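Here's structure_22.cif, which has mmCIF, C-alpha atoms:
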data_data
loop_
_atom_site.group_PDB
_atom_site.id
_atom_site.type_symbol
_atom_site.label_atom_id
_atom_site.label_comp_id
_atom_site.auth_asym_id
_atom_site.auth_seq_id
_atom_site.Cartn_x
_atom_site.Cartn_y
_atom_site.Cartn_z
ATOM 1 C CA ARG A 1 0.000 0.000 0.000
ATOM 2 C CA THR A 2 2.854 2.436 0.784
ATOM 3 C CA GLN A 3 4.410 1.766 -2.598
ATOM 4 C CA LEU A 4 1.115 2.496 -4.342
ATOM 5 C CA VAL A 5 0.804 5.842 -2.525
ATOM 6 C CA LEU A 6 4.393 6.740 -3.435
ATOM 7 C CA ILE A 7 3.716 5.976 -7.111
ATOM 8 C CA TRP A 8 0.621 8.209 -7.015
ATOM 9 C CA VAL A 9 2.624 11.006 -5.382
ATOM 10 C CA LEU A 10 5.331 10.706 -8.037
ATOM 11 C CA PHE A 11 2.772 11.117 -10.818
ATOM 12 C CA LEU A 12 0.816 13.902 -9.127
ATOM 13 C CA LEU A 13 3.801 15.975 -7.958
ATOM 14 C CA PRO A 14 4.719 17.553 -11.356
ATOM 15 C CA PRO A 15 1.226 18.829 -12.271
ATOM 16 C CA ILE A 16 0.576 20.091 -8.749
ATOM 17 C CA SER A 17 3.916 21.914 -8.588
ATOM 18 C CA ALA A 18 3.293 23.405 -12.060
ATOM 19 C CA TRP A 19 -0.137 24.638 -10.968
ATOM 20 C CA VAL A 20 1.301 26.185 -7.783
ATOM 21 C CA ALA A 21 4.064 27.893 -9.777
ATOM 22 C CA TRP A 22 1.571 29.217 -12.336
ATOM 23 C CA LYS A 23 -0.896 30.386 -9.691
ATOM 24 C CA TYR A 24 1.504 32.041 -7.259
ATOM 25 C CA LEU A 25 4.729 32.744 -9.146
ATOM 26 C CA ALA A 26 3.456 33.709 -12.610
ATOM 27 C CA GLU A 27 3.878 37.450 -12.074
ATOM 28 C CA GLU A 28 7.571 37.049 -11.216
ATOM 29 C CA GLY A 29 8.522 36.050 -14.769
ATOM 30 C CA THR A 30 6.387 38.401 -16.833
ATOM 31 C CA GLY A 31 8.124 41.137 -18.724
ATOM 32 C CA VAL A 32 11.536 39.503 -18.490
ATOM 33 C CA THR A 33 13.330 39.371 -21.819
ATOM 34 C CA THR A 34 16.805 38.390 -22.876
ATOM 35 C CA ASN A 35 17.245 40.972 -25.612
ATOM 36 C CA ALA A 36 19.655 43.883 -25.213
ATOM 37 C CA GLY A 37 17.601 46.246 -27.374
ATOM 38 C CA THR A 38 14.130 47.488 -26.543
ATOM 39 C CA LEU A 39 11.290 45.810 -28.397
ATOM 40 C CA ILE A 40 8.688 48.001 -30.032
ATOM 41 C CA ALA A 41 5.422 46.218 -29.360
ATOM 42 C CA PRO A 42 3.558 45.781 -31.529
ATOM 43 C CA ALA A 43 5.984 46.003 -34.433
ATOM 44 C CA ARG A 44 5.164 48.929 -36.736
ATOM 45 C CA PRO A 45 4.772 48.388 -40.478
ATOM 46 C CA LEU A 46 6.717 51.205 -42.123
ATOM 47 C CA GLN A 47 5.536 53.389 -44.967
ATOM 48 C CA VAL A 48 8.633 54.806 -46.648
ATOM 49 C CA SER A 49 8.345 58.075 -48.527
ATOM 50 C CA GLY A 50 10.330 61.267 -48.918
ATOM 51 C CA LEU A 51 13.748 59.624 -49.129
ATOM 52 C CA ARG A 52 16.200 60.103 -51.977
ATOM 53 C CA GLN A 53 19.290 58.014 -52.645
ATOM 54 C CA ASN A 54 22.606 59.684 -53.390
ATOM 55 C CA ASP A 55 21.926 59.307 -57.126
ATOM 56 C CA GLY A 56 18.613 61.183 -56.774
ATOM 57 C CA ALA A 57 16.358 58.123 -57.160
ATOM 58 C CA ALA A 58 13.554 57.601 -54.652
ATOM 59 C CA PHE A 59 14.208 55.096 -51.874
ATOM 60 C CA THR A 60 11.200 52.840 -51.360
ATOM 61 C CA LEU A 61 10.098 50.146 -48.938
ATOM 62 C CA GLU A 62 11.496 47.547 -51.333
ATOM 63 C CA GLY A 63 14.932 48.735 -50.261
ATOM 64 C CA LEU A 64 14.184 47.377 -46.766
ATOM 65 C CA ARG A 65 12.524 44.096 -47.692
ATOM 66 C CA GLY A 66 14.282 40.767 -47.489
ATOM 67 C CA ARG A 67 17.053 41.812 -45.105
ATOM 68 C CA TRP A 68 17.420 42.898 -41.488
ATOM 69 C CA THR A 69 18.154 46.619 -41.555
ATOM 70 C CA TYR A 70 19.787 48.893 -39.007
ATOM 71 C CA VAL A 71 18.491 52.448 -39.490
ATOM 72 C CA VAL A 72 20.530 55.401 -38.207
ATOM 73 C CA PHE A 73 19.228 58.996 -38.277
ATOM 74 C CA ALA A 74 21.457 62.074 -38.458
ATOM 75 C CA GLY A 75 21.354 65.689 -39.570
ATOM 76 C CA ALA A 76 23.107 66.854 -42.709
ATOM 77 C CA GLU A 77 26.365 66.121 -40.892
ATOM 78 C CA CYS A 78 27.153 62.864 -39.139
ATOM 79 C CA ASP A 79 27.949 63.915 -35.541
ATOM 80 C CA ALA A 80 29.693 61.848 -32.842
ATOM 81 C CA ASN A 81 26.523 59.846 -32.022
ATOM 82 C CA CYS A 82 26.024 59.061 -35.701
ATOM 83 C CA GLN A 83 29.652 57.960 -36.081
ATOM 84 C CA GLU A 84 29.352 55.709 -33.016
ATOM 85 C CA GLN A 85 26.093 54.166 -34.300
ATOM 86 C CA LEU A 86 27.619 53.530 -37.716
ATOM 87 C CA TYR A 87 30.628 51.908 -36.090
ATOM 88 C CA LEU A 88 28.486 49.637 -33.869
ATOM 89 C CA THR A 89 26.188 48.582 -36.692
ATOM 90 C CA ARG A 90 29.124 47.896 -39.016
ATOM 91 C CA GLN A 91 30.885 45.790 -36.384
ATOM 92 C CA THR A 92 27.675 43.907 -35.606
ATOM 93 C CA ARG A 93 27.070 43.216 -39.290
ATOM 94 C CA MET A 94 30.653 42.043 -39.833
ATOM 95 C CA ALA A 95 30.380 39.692 -36.829
ATOM 96 C CA MET A 96 27.603 37.771 -38.572
ATOM 97 C CA SER A 97 30.167 35.963 -40.738
ATOM 98 C CA LYS A 98 28.230 33.822 -43.253
ATOM 99 C CA ASP A 99 25.029 35.799 -42.572
ATOM 100 C CA ILE A 100 26.480 39.182 -43.591
ATOM 101 C CA PRO A 101 24.308 39.315 -46.762
ATOM 102 C CA ARG A 102 21.178 39.036 -44.576
ATOM 103 C CA VAL A 103 21.953 42.341 -42.798
ATOM 104 C CA GLN A 104 22.145 45.857 -44.191
ATOM 105 C CA ARG A 105 22.552 49.376 -42.833
ATOM 106 C CA LEU A 106 20.725 52.562 -43.767
ATOM 107 C CA LEU A 107 21.740 56.105 -42.827
ATOM 108 C CA VAL A 108 18.969 58.714 -43.114
ATOM 109 C CA LEU A 109 20.454 62.208 -43.379
ATOM 110 C CA GLY A 110 18.425 65.337 -42.650
ATOM 111 C CA GLY A 111 19.934 67.306 -45.519
ATOM 112 C CA GLN A 112 22.354 67.116 -48.404
ATOM 113 C CA PRO A 113 25.729 66.053 -46.976
ATOM 114 C CA ALA A 114 28.966 67.914 -47.583
ATOM 115 C CA PRO A 115 31.313 66.360 -50.169
ATOM 116 C CA ALA A 116 33.770 65.512 -47.365
ATOM 117 C CA LEU A 117 31.114 63.403 -45.603
ATOM 118 C CA VAL A 118 30.169 61.672 -48.863
ATOM 119 C CA HIS A 119 33.840 60.810 -49.400
ATOM 120 C CA GLN A 120 34.211 59.601 -45.791
ATOM 121 C CA LEU A 121 31.113 57.383 -46.049
ATOM 122 C CA ALA A 122 32.312 55.889 -49.325
ATOM 123 C CA GLU A 123 35.758 55.191 -47.888
ATOM 124 C CA GLU A 124 34.954 54.029 -44.345
ATOM 125 C CA GLN A 125 31.399 52.690 -44.688
ATOM 126 C CA SER A 126 31.400 51.027 -48.099
ATOM 127 C CA ASP A 127 28.525 48.671 -47.216
ATOM 128 C CA LEU A 128 26.308 51.537 -46.012
ATOM 129 C CA THR A 129 23.293 52.785 -47.952
ATOM 130 C CA TRP A 130 22.625 56.438 -47.225
ATOM 131 C CA VAL A 131 19.633 58.525 -48.179
ATOM 132 C CA VAL A 132 18.547 62.137 -47.756
ATOM 133 C CA ARG A 133 15.092 62.873 -46.423
ATOM 134 C CA ASP A 134 12.967 65.590 -47.923
ATOM 135 C CA PRO A 135 11.601 68.322 -45.665
ATOM 136 C CA ALA A 136 8.180 66.766 -46.300
ATOM 137 C CA ALA A 137 9.264 63.417 -44.772
ATOM 138 C CA GLU A 138 7.600 64.121 -41.405
ATOM 139 C CA PRO A 139 5.210 61.130 -41.723
ATOM 140 C CA LEU A 140 8.244 58.870 -42.011
ATOM 141 C CA LEU A 141 9.865 60.413 -38.930
ATOM 142 C CA GLN A 142 6.630 60.053 -36.994
ATOM 143 C CA GLN A 143 6.776 56.272 -37.465
ATOM 144 C CA PHE A 144 10.089 56.244 -35.596
ATOM 145 C CA ARG A 145 8.741 58.128 -32.561
ATOM 146 C CA GLY A 146 7.429 56.516 -29.422
ATOM 147 C CA ASP A 147 7.817 56.206 -25.689
ATOM 148 C CA GLY A 148 11.524 56.640 -25.031
ATOM 149 C CA PHE A 149 12.703 56.736 -28.632
ATOM 150 C CA GLY A 150 12.751 59.017 -31.646
ATOM 151 C CA PRO A 151 14.638 59.784 -34.867
ATOM 152 C CA ASP A 152 16.694 62.546 -33.225
ATOM 153 C CA GLY A 153 19.945 60.583 -33.364
ATOM 154 C CA GLY A 154 19.764 59.287 -29.786
ATOM 155 C CA GLN A 155 18.801 55.776 -30.840
ATOM 156 C CA TYR A 156 19.180 53.559 -33.851
ATOM 157 C CA PHE A 157 16.610 51.069 -35.049
ATOM 158 C CA LEU A 158 16.233 47.523 -36.340
ATOM 159 C CA VAL A 159 13.738 46.826 -39.125
ATOM 160 C CA ASP A 160 12.777 43.246 -39.950
ATOM 161 C CA PRO A 161 12.827 41.781 -43.500
ATOM 162 C CA LEU A 162 9.107 42.538 -43.939
ATOM 163 C CA GLY A 163 9.633 46.261 -43.340
ATOM 164 C CA ASN A 164 8.412 46.369 -39.723
ATOM 165 C CA LEU A 165 10.095 48.559 -37.143
ATOM 166 C CA MET A 166 10.617 46.155 -34.251
ATOM 167 C CA MET A 167 13.481 47.213 -31.969
ATOM 168 C CA PHE A 168 15.635 50.164 -30.999
ATOM 169 C CA TYR A 169 18.994 50.577 -29.285
ATOM 170 C CA ASP A 170 20.573 53.312 -27.200
ATOM 171 C CA LEU A 171 24.303 53.932 -27.316
ATOM 172 C CA ALA A 172 24.535 52.566 -23.761
ATOM 173 C CA VAL A 173 23.730 49.053 -25.022
ATOM 174 C CA PRO A 174 26.946 47.015 -25.223
ATOM 175 C CA ALA A 175 28.045 45.739 -28.624
ATOM 176 C CA LYS A 176 28.007 42.157 -27.358
ATOM 177 C CA GLY A 177 24.281 42.434 -26.569
ATOM 178 C CA ILE A 178 23.504 43.873 -29.995
ATOM 179 C CA ARG A 179 25.392 41.030 -31.652
ATOM 180 C CA LYS A 180 23.573 38.386 -29.581
ATOM 181 C CA ASP A 181 20.186 39.919 -30.451
ATOM 182 C CA LEU A 182 20.936 39.791 -34.160
ATOM 183 C CA GLN A 183 22.334 36.258 -33.981
ATOM 184 C CA LYS A 184 19.120 35.074 -32.304
ATOM 185 C CA LEU A 185 16.962 36.824 -34.884
ATOM 186 C CA LEU A 186 18.933 35.422 -37.806
ATOM 187 C CA LYS A 187 18.807 31.947 -36.307
ATOM 188 C CA ILE A 188 15.024 31.848 -35.881
ATOM 189 C CA SER A 189 14.054 33.966 -38.901
ATOM 190 C CA GLN A 190 12.417 32.211 -41.825
ATOM 191 C CA ILE A 191 11.972 35.385 -43.873
ATOM 192 C CA GLY A 192 15.373 36.990 -44.206
#
Output the structure of this file as structure tokens.
Amino acid sequence: RTQLVLIWVLFLLPPISAWVAWKYLAEEGTGVTTNAGTLIAPARPLQVSGLRQNDGAAFTLEGLRGRWTYVVFAGAECDANCQEQLYLTRQTRMAMSKDIPRVQRLLVLGGQPAPALVHQLAEEQSDLTWVVRDPAAEPLLQQFRGDGFGPDGGQYFLVDPLGNLMMFYDLAVPAKGIRKDLQKLLKISQIG
């Protein structure tokens, strides 16, 4: 009889302990994430307009599709924050090894850059796509504004291969965390 009771206890212990954990400890684990960046929930489908490439052609949403894209905003000049963001995104992209083609970078400038900046970008950031936003591009900028983030150069953003804004990073986030986030996304992604 004792053995029968022990067998019953062995089978009933896991579901009872799971129920107790769910009932009394469920709130302890909510909101805990392992990502270094801040998720934008829900992800925002982007509508891209008012951007011109350096050759004068319009930059469209198709330029974002199919690849994970880091988006950096700057004025007509690329200040120290912009330079740091470009460095971090370049290093993160290069760390992806065989997955480098799945990641791209986009710099959105607030005005026509000086020839010296164009030369610097071509020399130091050869894999970077840069565009100039028209003064009428306010609807685009509005899509990158939210609680704790904005396109003022303080943060940079990650757009998924479907063109959805899904995460942002501050400069305080360590490069190792950014790299781990992207590695996880590339590993589980079926779309890009």
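When atom CA of Val103 of chain A is paired with atom CA of Gly50 of chain A, their separation reads 23.0 Å.
Atom pair atom CA of Leu25 of chain A / atom CA of Val5 of chain A: separated by 28.0 Å.
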Requested in this report: On this file, the PyMOL selection byres ((chain A and resi 180) around 12) gives some set of residues; write that set as a count of residues only.
Outcome: 22
**Report entry** Distance query Val159 of chain A at most 10 Å, all atoms listed in the file, self and fewer than 5 positions along chain excluded, as a list in words
**Finding:**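 That gives Ala43, Arg44, Pro45, Leu46, Leu64, Arg65, Arg67, Trp68, Thr69, Tyr70, Val71, Gln104, Arg105, Asn164, Leu165, Met166, Met167 and Phe168 of chain A.
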**Report entry** Distance in Å - atom CA of Asn81 of chain A versus atom CA of Gln125 of chain A
**Finding:**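 According to the coordinates, atom CA of Asn81 of chain A and atom CA of Gln125 of chain A are separated by 15.3 Å.
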Requested in this report: Choose the residue, out of A:Val132, A:Leu140, A:Leu171, A:Ile100, that has the smallest atom-to-atom separation from Arg52 of chain A; count only C-alpha atoms.
Outcome: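 Of A:Val132, A:Leu140, A:Leu171, A:Ile100, the one nearest Arg52 of chain A is A:Val132, counting only C-alpha atoms.
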Query raised in the report: Which polymer residues have any atom within 9 Å of an atom of Gln47 of chain A, counting all atoms listed in the file, with same-chain residues fewer than 4 positions away left out, as a PyMOL selection string?
Result: chain A and resi 60-61+139-140+143+163
Please produce an output containing C-alpha atoms for each residue in the selection, written as a PDB file, keeping the file's coordinate frame.
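Done, and the output landed in again_36.pdb:
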ATOM      1  CA  THR A  60      11.200  52.840 -51.360  1.00  0.00           C
ATOM      2  CA  LEU A  61      10.098  50.146 -48.938  1.00  0.00           C
ATOM      3  CA  PRO A 139       5.210  61.130 -41.723  1.00  0.00           C
ATOM      4  CA  LEU A 140       8.244  58.870 -42.011  1.00  0.00           C
ATOM      5  CA  GLN A 143       6.776  56.272 -37.465  1.00  0.00           C
ATOM      6  CA  GLY A 163       9.633  46.261 -43.340  1.00  0.00           C
TER       7      GLY A 163
END
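Omitting Gly66 of chain A and its sequence neighbours fewer than 6 positions away, and counting only C-alpha atoms, the residues within 8 Å are Arg102, Pro161, Leu162, Ile191 and Gly192 of chain A.
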With 8 Å as the threshold, what does the neighbourhood of (25.3, 49.3, -45.6) contain in terms of residues, counting only C-alpha atoms? Coordinates are those of the file; answer as a PDB file with C-alpha atoms, in the frame of the given file.
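Heads up, here's the output in selection.pdb:
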ATOM      1  CA  ARG A  90      29.124  47.896 -39.016  1.00  0.00           C
ATOM      2  CA  GLN A 104      22.145  45.857 -44.191  1.00  0.00           C
ATOM      3  CA  ARG A 105      22.552  49.376 -42.833  1.00  0.00           C
ATOM      4  CA  LEU A 106      20.725  52.562 -43.767  1.00  0.00           C
ATOM      5  CA  GLN A 125      31.399  52.690 -44.688  1.00  0.00           C
ATOM      6  CA  SER A 126      31.400  51.027 -48.099  1.00  0.00           C
ATOM      7  CA  ASP A 127      28.525  48.671 -47.216  1.00  0.00           C
ATOM      8  CA  LEU A 128      26.308  51.537 -46.012  1.00  0.00           C
ATOM      9  CA  THR A 129      23.293  52.785 -47.952  1.00  0.00           C
ATOM     10  CA  TRP A 130      22.625  56.438 -47.225  1.00  0.00           C
TER      11      TRP A 130
END
Query - Best match for closeness to Glu77 of chain A among A:Ser97, A:Gln120, A:Thr89, A:Gln53, counting all atoms listed in the file - result: A:Gln120
Report, as JSON, the axis-aligned box around all atoms of segment 150-155 of chain A present in the file, extended by 8 Å on each side; give centre and edge lengths in Å to one decimal place.
{"center_x": 16.3, "center_y": 59.2, "center_z": -32.3, "size_x": 23.2, "size_y": 22.8, "size_z": 21.1}
Query raised in the report: Expanded to explicit residues, what is the PyMOL selection byres ((chain A and resi 138) around 12) for this file, as an MDAnalysis selection string?
Result: chainID A and resid 47:51 110 133:137 139:145 151
**Report entry** Selected residue, from A:Glu124, A:Asp99, A:Asp160, A:Asp79, that lies nearest to Ile40 of chain A when counting all atoms listed in the file
**Finding:**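 Nearest to Ile40 of chain A: A:Asp160.
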Requested in this report: Kindly indicate which residue among A:Leu121, A:Gly63, A:Gly154, A:Val131 lies nearest to Ala80 of chain A, using only C-alpha atoms for the distances.
Outcome: A:Gly154
